[in-house]
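Data block below; observations after.
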Amino acid sequence: MTERIHDGTAGGTDDVQGLPETTDTTDAPHGDGDLATRDGHGELPARFENPGLPAHVYRRSDIDPKAAIRREREVATFFGLSTLGTVLFIVAYFAIKPAGKSGNDLLRTVGLETKLLGLGLGIALFCIGAGAIHWAKTLMPDDEIISVRKPMRSSDEDRADAIAALKDGAAGAGLGRRKLIRNSLLGALAPLGLLAIIPLRDLGPLPGASLAYTAWGPGKRLVTDPTGRPIKAADVPIGGVIHVQPEGVDEMAHPLNERAKATTLVIRLEPDEITDPKQKKWAVDGIVAYSKVCTHVGCPVGLYEQQTHHLLCPCHQSTFDVTKDCAVIFGPAARPLPQLPLAVDSAGYLVSSEDYQEPVGPSFWERGRR
Amino acid sequence: MTRLSKPLAVLRGLSRRRRHRLAPVVLLLLALGATGGAYAAFAPTGKAAAAAGVSTQTLEQGRDLYLKNCATCHGLNAEGSGTDGPSLIGVGAASVDFQVGTGRMPAKELGAQIQAKRQFFNDEQISALAAYVASLGPGPAIPSDKDLDYSNSNIAQGGEIYRTNCAMCHNFAGSGGALTRGKYAPSLKKTTPRHMYEAMLTGPQSMPVFGDGTMTPDEKREIIGFLKTTSAEPSPGGFALGKIGPVSEGAVGWLVGLGALVACAVWLGAKAR
């Protein structure tokens, strides 16, 4: 059962009722019960009077008929805008003609049509909703309604009936009597767990040694990525950078995996800028090659700054110094980039003299066990 | 005689009264004007003859411009000054055309990176400077119009080459990107094909060198074709938000889109007055 409540006087003034008075009649020493004047014992009164709802606040449109008419007009404006949106949609649909256009002209025309259709449809739908909401908020009745909570508990009769029905059903199924059915049902349900466990096999197979080796090896030519041209050592300018892959990587099994591991950056430094002896040994006249897979999380480290010889990874800004064998000088990478040993073949093309001497890319548990 | 004779004294007095007190100033201005005018009339005009091949006059003009504008940082013989400017011997005409043509040189502020500014010299002066620097040592030449013609280039392949070699610094659409410590790869939206070619060839500042042996002229043309074609294409949504990807798109999505939704939710729940 519901009842509308209007507390306070008509006229829209807030009528804040005072704090409740206690109806406690015990003699125990306690405070007044009035929350504002609690004594040091901190006791609360035993019962509160229901303070009721605050006074209903009237809207301007409830009090002033002229305000109500203004609100009506506002709602009508929303609905009018919606109609305009519909008109915009229809006009745009028929007036804009992409047929017969091509290239950028076509893209521009289609773009304009799409925008106007979207705008028209959006305005049409939004303004209907906005108008309805505005109507409901400003003009429809907004009295507070009280819905009394019904008791949840069913009657004792109903409860007894329900229990009896359950018992009858169970007896009818006869599960207790029919042992063959019961045992075969258990025998069918128990192995169902295997159906969830066995497909976990597809989490594997473990990578094994596949992360430890790449497609590079003795005598593998370096070819440009993506055009696939071999590179002569004499053609590489000082300060130059080339992104390379091993020759024939696209013909291997799983070419994308192989490309991801083998991707390499070739940089030419002045020969006297290299001080590390290992780096010098694996370089060819100032030309060095490093793995492009960042040792942090594996992004391609391609941003080479020619003047500072720094190699920057764009993902987390690990910075490697190429003149110091790609030692990490900034950022979260833990290890320097692996270097690819280079050589020159008889025709003058750059080749790798062997595979990377350590696994490329980010760390993993078995990394040291190559 | 220690005393002037009377007639001379009278004459001197007269002449003193006849000279206006500003006469020396006027005389000085006239003398300066005469000297300047004589210089302007007789000094060489520096208008190089438009001849095929480099004339001595162009080289002279280039050397003259170099000494007046570049020698402070790059040295009197373009040998470089260690701290302020590198040596220009062997950088070639392409470097000069790029650096001076994009306004980067003459450098104004020496910060993390020299910025492109309004072109300071006119085209003729740039050619003279380029010719002079090219005469100092062999280096990359300015690309011809045929070198820049990408009308027959495979633009899709240009996109692939750009993506592998350039997009990590310059962004997938050529909007530019950040490098370390204040350096940056600039936006390519307003760069001319000639300057793009020259930048690839000479590797200015932090950019690596993409010589013709490692990135063939065909590939360079393909890249230029890709950049020019995609930057001329209209954005399908109407506003590309700078073509810098998730940062601007996310900002608009969260602030404008979600903001509008939150505003609607607040409006829905607010009591009407």
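In the structure tokens, the first chain shown is A, the next is B, and so on; residue numbers restart at 1 for each chain, and ligands run from 1 in the order shown.
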Could the residues of chain B within 8 Å of chain A, counting only C-alpha atoms, be given as a count of residues only, please? 30
Which neighbours of B:Ser187 fall inside 12 Å, counting only C-alpha atoms, when residues of the same chain fewer than 4 positions from it are skipped, and could you give them as a ChimeraX atom specification? /B:115-116,166-167,169-178,191-192,196,227,231,242-244
Residue list (helix (DSSP H, G or I), DSSP) for stretch 123-304 of chain A, as number ranges by chain: A: 123-138, 156-173, 179-189, 192-203, 233-235, 249-251, 255-262, 271-273, 277-281
Can you list, as number ranges by chain, every protein, DNA or RNA residue that comes within 12 Å of A:Ala212 when you count only C-alpha atoms, leaving out same-chain residues fewer than 4 positions away? A: 207-208, 216, 258, 261-262, 338, 355-370
Please produce an output containing N, CA and C atoms for each residue in the selection, written as a PDB file, in the first residue's frame.
ATOM      1  N   PRO A 207      58.584 -23.976 -25.037  1.00  0.00           N
ATOM      2  CA  PRO A 207      59.437 -23.548 -26.158  1.00  0.00           C
ATOM      3  C   PRO A 207      60.741 -24.332 -26.280  1.00  0.00           C
ATOM      4  N   GLY A 208      61.180 -24.957 -25.215  1.00  0.00           N
ATOM      5  CA  GLY A 208      62.420 -25.734 -25.325  1.00  0.00           C
ATOM      6  C   GLY A 208      63.581 -24.830 -25.663  1.00  0.00           C
ATOM      7  N   TRP A 216      69.874 -16.605 -37.648  1.00  0.00           N
ATOM      8  CA  TRP A 216      71.233 -16.233 -38.054  1.00  0.00           C
ATOM      9  C   TRP A 216      72.175 -17.416 -37.859  1.00  0.00           C
ATOM     10  N   GLU A 258      60.315 -16.388 -36.735  1.00  0.00           N
ATOM     11  CA  GLU A 258      61.746 -16.251 -37.029  1.00  0.00           C
ATOM     12  C   GLU A 258      62.110 -14.787 -37.229  1.00  0.00           C
ATOM     13  N   LYS A 261      62.431 -12.950 -33.926  1.00  0.00           N
ATOM     14  CA  LYS A 261      63.655 -13.187 -33.145  1.00  0.00           C
ATOM     15  C   LYS A 261      64.884 -12.630 -33.838  1.00  0.00           C
ATOM     16  N   ALA A 262      64.899 -12.702 -35.167  1.00  0.00           N
ATOM     17  CA  ALA A 262      66.136 -12.405 -35.890  1.00  0.00           C
ATOM     18  C   ALA A 262      66.297 -10.933 -36.225  1.00  0.00           C
ATOM     19  N   PRO A 338      72.161  -7.933 -27.328  1.00  0.00           N
ATOM     20  CA  PRO A 338      73.153  -8.883 -27.859  1.00  0.00           C
ATOM     21  C   PRO A 338      73.697  -8.390 -29.195  1.00  0.00           C
ATOM     22  N   ASP A 355      75.595 -17.217 -35.165  1.00  0.00           N
ATOM     23  CA  ASP A 355      74.330 -16.782 -34.581  1.00  0.00           C
ATOM     24  C   ASP A 355      74.644 -15.899 -33.378  1.00  0.00           C
ATOM     25  N   TYR A 356      73.619 -15.261 -32.849  1.00  0.00           N
ATOM     26  CA  TYR A 356      73.777 -14.535 -31.590  1.00  0.00           C
ATOM     27  C   TYR A 356      74.324 -15.492 -30.535  1.00  0.00           C
ATOM     28  N   GLN A 357      75.218 -14.985 -29.714  1.00  0.00           N
ATOM     29  CA  GLN A 357      75.872 -15.834 -28.726  1.00  0.00           C
ATOM     30  C   GLN A 357      75.091 -15.907 -27.423  1.00  0.00           C
ATOM     31  N   GLU A 358      73.939 -15.284 -27.371  1.00  0.00           N
ATOM     32  CA  GLU A 358      73.069 -15.404 -26.202  1.00  0.00           C
ATOM     33  C   GLU A 358      71.631 -15.269 -26.709  1.00  0.00           C
ATOM     34  N   PRO A 359      70.641 -15.731 -25.941  1.00  0.00           N
ATOM     35  CA  PRO A 359      69.260 -15.556 -26.403  1.00  0.00           C
ATOM     36  C   PRO A 359      68.911 -14.075 -26.501  1.00  0.00           C
ATOM     37  N   VAL A 360      68.136 -13.741 -27.545  1.00  0.00           N
ATOM     38  CA  VAL A 360      67.771 -12.332 -27.719  1.00  0.00           C
ATOM     39  C   VAL A 360      66.527 -12.028 -26.915  1.00  0.00           C
ATOM     40  N   GLY A 361      66.290 -10.755 -26.690  1.00  0.00           N
ATOM     41  CA  GLY A 361      65.023 -10.325 -26.128  1.00  0.00           C
ATOM     42  C   GLY A 361      64.980 -10.398 -24.605  1.00  0.00           C
ATOM     43  N   PRO A 362      63.751 -10.318 -24.068  1.00  0.00           N
ATOM     44  CA  PRO A 362      63.586 -10.206 -22.621  1.00  0.00           C
ATOM     45  C   PRO A 362      64.050 -11.461 -21.892  1.00  0.00           C
ATOM     46  N   SER A 363      64.191 -11.313 -20.592  1.00  0.00           N
ATOM     47  CA  SER A 363      64.632 -12.428 -19.767  1.00  0.00           C
ATOM     48  C   SER A 363      63.541 -13.473 -19.629  1.00  0.00           C
ATOM     49  N   PHE A 364      63.935 -14.727 -19.458  1.00  0.00           N
ATOM     50  CA  PHE A 364      63.008 -15.802 -19.101  1.00  0.00           C
ATOM     51  C   PHE A 364      63.786 -16.800 -18.259  1.00  0.00           C
ATOM     52  N   TRP A 365      63.069 -17.670 -17.558  1.00  0.00           N
ATOM     53  CA  TRP A 365      63.712 -18.492 -16.538  1.00  0.00           C
ATOM     54  C   TRP A 365      64.892 -19.296 -17.050  1.00  0.00           C
ATOM     55  N   GLU A 366      64.700 -19.901 -18.224  1.00  0.00           N
ATOM     56  CA  GLU A 366      65.736 -20.829 -18.691  1.00  0.00           C
ATOM     57  C   GLU A 366      66.840 -20.137 -19.467  1.00  0.00           C
ATOM     58  N   ARG A 367      66.885 -18.802 -19.408  1.00  0.00           N
ATOM     59  CA  ARG A 367      67.761 -18.058 -20.297  1.00  0.00           C
ATOM     60  C   ARG A 367      69.233 -18.398 -20.125  1.00  0.00           C
ATOM     61  N   GLY A 368      69.637 -18.669 -18.894  1.00  0.00           N
ATOM     62  CA  GLY A 368      71.068 -18.913 -18.696  1.00  0.00           C
ATOM     63  C   GLY A 368      71.502 -20.298 -19.112  1.00  0.00           C
ATOM     64  N   ARG A 369      70.519 -21.137 -19.377  1.00  0.00           N
ATOM     65  CA  ARG A 369      70.834 -22.560 -19.566  1.00  0.00           C
ATOM     66  C   ARG A 369      70.955 -22.909 -21.036  1.00  0.00           C
ATOM     67  N   ARG A 370      71.548 -22.055 -21.846  1.00  0.00           N
ATOM     68  CA  ARG A 370      71.553 -22.321 -23.288  1.00  0.00           C
ATOM     69  C   ARG A 370      72.514 -23.434 -23.625  1.00  0.00           C
TER      70      ARG A 370
END
Would you mind listing what lies within 10 Å of stretch 131-148 of chain B as a ChimeraX atom specification, with only C-alpha atoms counted and same-chain residues fewer than 5 positions away left out? /B:53-56,58-66,77-79,88-98,125-126,193-198,201-202,211-212,217-218,220-222,224-225
Kindly give the distance, in Å, that separates atom CA of A:Val344 and atom CA of A:Ala215, rounded to a single decimal.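 Separation of atom CA of A:Val344 and atom CA of A:Ala215: 18.0 Å.
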Atom CA of B:Gly182 to atom CA of B:Cys73, straight-line distance in Å: 22.0 Å
